Structure formats: C-alpha cells, structure tokens
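What's in final_16.pdb: PDB, C-alpha atoms, pLDDT in the B column
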ATOM      1  CA  MET A1494      11.986 -58.548   3.565  1.00 42.00           C
ATOM      2  CA  ALA A1495      10.612 -60.539   6.484  1.00 50.00           C
ATOM      3  CA  THR A1496      12.789 -61.152   9.497  1.00 59.00           C
ATOM      4  CA  GLY A1497      12.467 -64.183  11.708  1.00 65.00           C
ATOM      5  CA  SER A1498      13.002 -64.443  15.397  1.00 70.00           C
ATOM      6  CA  VAL A1499      16.512 -65.396  16.412  1.00 73.00           C
ATOM      7  CA  ARG A1500      16.925 -66.552  19.998  1.00 76.00           C
ATOM      8  CA  PHE A1501      20.210 -66.906  21.803  1.00 80.00           C
ATOM      9  CA  ASP A1502      18.928 -67.583  25.317  1.00 81.00           C
ATOM     10  CA  PRO A1503      19.201 -71.385  24.953  1.00 86.00           C
ATOM     11  CA  PHE A1504      22.964 -70.817  24.664  1.00 92.00           C
ATOM     12  CA  LEU A1505      23.297 -68.677  27.820  1.00 94.00           C
ATOM     13  CA  PRO A1506      24.325 -71.637  30.042  1.00 95.00           C
ATOM     14  CA  GLN A1507      27.351 -72.146  27.779  1.00 95.00           C
ATOM     15  CA  ILE A1508      28.654 -68.627  28.437  1.00 95.00           C
ATOM     16  CA  ARG A1509      31.269 -68.096  31.153  1.00 95.00           C
ATOM     17  CA  SER A1510      30.036 -66.601  34.429  1.00 94.00           C
ATOM     18  CA  ASP A1511      32.121 -63.434  34.133  1.00 93.00           C
ATOM     19  CA  GLU A1512      30.660 -62.715  30.699  1.00 93.00           C
ATOM     20  CA  LEU A1513      27.125 -63.391  31.937  1.00 93.00           C
ATOM     21  CA  LYS A1514      27.660 -61.030  34.860  1.00 93.00           C
ATOM     22  CA  SER A1515      28.720 -58.319  32.450  1.00 90.00           C
ATOM     23  CA  MET A1516      25.597 -58.922  30.364  1.00 89.00           C
ATOM     24  CA  ALA A1517      23.371 -59.031  33.457  1.00 91.00           C
ATOM     25  CA  ARG A1518      24.644 -55.635  34.650  1.00 90.00           C
ATOM     26  CA  LEU A1519      23.008 -54.130  31.572  1.00 86.00           C
ATOM     27  CA  TRP A1520      19.683 -55.465  32.889  1.00 88.00           C
ATOM     28  CA  GLY A1521      20.182 -54.456  36.533  1.00 88.00           C
ATOM     29  CA  GLY A1522      22.255 -57.331  37.892  1.00 90.00           C
ATOM     30  CA  SER A1523      25.479 -56.991  39.847  1.00 88.00           C
ATOM     31  CA  SER A1524      28.901 -58.587  39.854  1.00 85.00           C
ATOM     32  CA  GLN A1525      27.707 -60.713  42.794  1.00 91.00           C
ATOM     33  CA  THR A1526      24.821 -62.277  40.838  1.00 91.00           C
ATOM     34  CA  ARG A1527      25.115 -66.064  40.487  1.00 94.00           C
ATOM     35  CA  LYS A1528      25.272 -67.588  37.002  1.00 95.00           C
ATOM     36  CA  ASP A1529      21.769 -69.108  37.132  1.00 95.00           C
ATOM     37  CA  GLU A1530      20.366 -65.796  38.408  1.00 95.00           C
ATOM     38  CA  CYS A1531      22.121 -63.934  35.583  1.00 95.00           C
ATOM     39  CA  ILE A1532      20.516 -66.234  33.028  1.00 95.00           C
ATOM     40  CA  SER A1533      17.059 -65.776  34.560  1.00 95.00           C
ATOM     41  CA  LEU A1534      17.494 -61.997  34.733  1.00 94.00           C
ATOM     42  CA  ILE A1535      18.585 -61.776  31.102  1.00 93.00           C
ATOM     43  CA  GLN A1536      15.729 -64.006  29.920  1.00 93.00           C
ATOM     44  CA  ARG A1537      13.106 -62.055  31.891  1.00 93.00           C
ATOM     45  CA  SER A1538      14.488 -58.728  30.730  1.00 92.00           C
ATOM     46  CA  LEU A1539      14.388 -59.738  27.071  1.00 89.00           C
ATOM     47  CA  THR A1540      10.629 -60.314  27.344  1.00 90.00           C
ATOM     48  CA  ASP A1541      10.028 -56.710  28.479  1.00 91.00           C
ATOM     49  CA  PRO A1542       9.981 -54.309  25.490  1.00 91.00           C
ATOM     50  CA  ASN A1543      10.601 -51.283  27.720  1.00 92.00           C
ATOM     51  CA  LYS A1544      13.730 -52.852  29.225  1.00 89.00           C
ATOM     52  CA  VAL A1545      14.976 -53.801  25.760  1.00 88.00           C
ATOM     53  CA  ARG A1546      14.480 -50.232  24.505  1.00 89.00           C
ATOM     54  CA  ALA A1547      16.292 -48.834  27.547  1.00 87.00           C
ATOM     55  CA  ALA A1548      19.191 -51.272  27.091  1.00 84.00           C
ATOM     56  CA  VAL A1549      19.554 -50.405  23.400  1.00 84.00           C
ATOM     57  CA  ALA A1550      19.466 -46.691  24.257  1.00 86.00           C
ATOM     58  CA  THR A1551      22.256 -47.261  26.789  1.00 82.00           C
ATOM     59  CA  LEU A1552      24.364 -49.011  24.159  1.00 78.00           C
ATOM     60  CA  VAL A1553      23.739 -46.201  21.693  1.00 74.00           C
ATOM     61  CA  GLU A1554      24.723 -43.596  24.310  1.00 70.00           C
ATOM     62  CA  ARG A1555      27.970 -45.467  24.917  1.00 67.00           C
ATOM     63  CA  LYS A1556      28.460 -45.771  21.142  1.00 66.00           C
ATOM     64  CA  ILE A1557      28.719 -49.556  21.365  1.00 62.00           C
ATOM     65  CA  PRO A1558      28.180 -51.112  17.922  1.00 61.00           C
ATOM     66  CA  LEU A1559      24.913 -53.021  17.666  1.00 57.00           C
TER      67      LEU A1559
END
Before anything else, please render the file you have as structure tokens.
Amino acid sequence: MATGSVRFDPFLPQIRSDELKSMARLWGGSSQTRKDECISLIQRSLTDPNKVRAAVATLVERKIPL
C-alpha cells in the first residue's frame, strides 16, 4: 500500500498562538516565541529527518499516542 505525503503546515497560521507555542516547544522553541516564529520553527524542523526522529522518540517516551 503506497502512502502519499500529507502536509499540515499550510494550516499552521490558523492555529491559536498558545497551541503553536506548545508545538514549537517540541522543536526547541519557548513560551516567549512569537506566532510567526513558531510557524517558521515548526516548518524548518519538519524538513530535518533527525529532528523528526528525536521528536517522535520524545513522544514515545512520554507515551503520547501518535
């Protein structure tokens, strides 16, 4: 079964700032990061396979459902 690429980053601007900040912390951001910076950080991080692997490992360690 082939899987296609599903992208959610075009929808990031529609997400509330507090939720984006929470997402950005996973990628190294802080609670003081501005919304546009959070979006950029998330987008850049998703292009780095090593960062993606590390983020998934963190979620697995915390037992957060994927």
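Our summary of the geometry notes that atom CA of Thr1540 of chain A is positioned 23.0 Å from atom CA of Gln1525 of chain A.
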Applied to the shown file, which residues does the PyMOL selection byres ((chain A and resi 1526-1536) around 7) return, written as an mmCIF file with C-alpha atoms, keeping the file's coordinate frame?
data_model
loop_
_atom_site.group_PDB
_atom_site.id
_atom_site.type_symbol
_atom_site.label_atom_id
_atom_site.label_comp_id
_atom_site.auth_asym_id
_atom_site.auth_seq_id
_atom_site.Cartn_x
_atom_site.Cartn_y
_atom_site.Cartn_z
ATOM 1 C CA ASP A 1502 18.928 -67.583 25.317
ATOM 2 C CA LEU A 1505 23.297 -68.677 27.820
ATOM 3 C CA SER A 1510 30.036 -66.601 34.429
ATOM 4 C CA LEU A 1513 27.125 -63.391 31.937
ATOM 5 C CA LYS A 1514 27.660 -61.030 34.860
ATOM 6 C CA ALA A 1517 23.371 -59.031 33.457
ATOM 7 C CA TRP A 1520 19.683 -55.465 32.889
ATOM 8 C CA GLY A 1522 22.255 -57.331 37.892
ATOM 9 C CA SER A 1523 25.479 -56.991 39.847
ATOM 10 C CA SER A 1524 28.901 -58.587 39.854
ATOM 11 C CA GLN A 1525 27.707 -60.713 42.794
ATOM 12 C CA ARG A 1537 13.106 -62.055 31.891
ATOM 13 C CA SER A 1538 14.488 -58.728 30.730
ATOM 14 C CA LEU A 1539 14.388 -59.738 27.071
ATOM 15 C CA THR A 1540 10.629 -60.314 27.344
#
To test the calculation: enclose all listed atoms of segment 1546-1550 of chain A in a box whose edges run along x, y and z, add 4 Å on each side, then state centre and edge lengths in Å to one decimal, as lines of an AutoDock Vina configuration file.
center_x = 17.0
center_y = -49.0
center_z = 25.5
size_x = 13.1
size_y = 12.6
size_z = 12.1
What does the distance between atom CA of Gly1521 of chain A and atom CA of Lys1544 of chain A come to in Å, to one decimal place? 9.9 Å
Between atom CA of Val1499 of chain A and atom CA of Glu1554 of chain A, what is the distance, to one decimal in Å? 24.6 Å
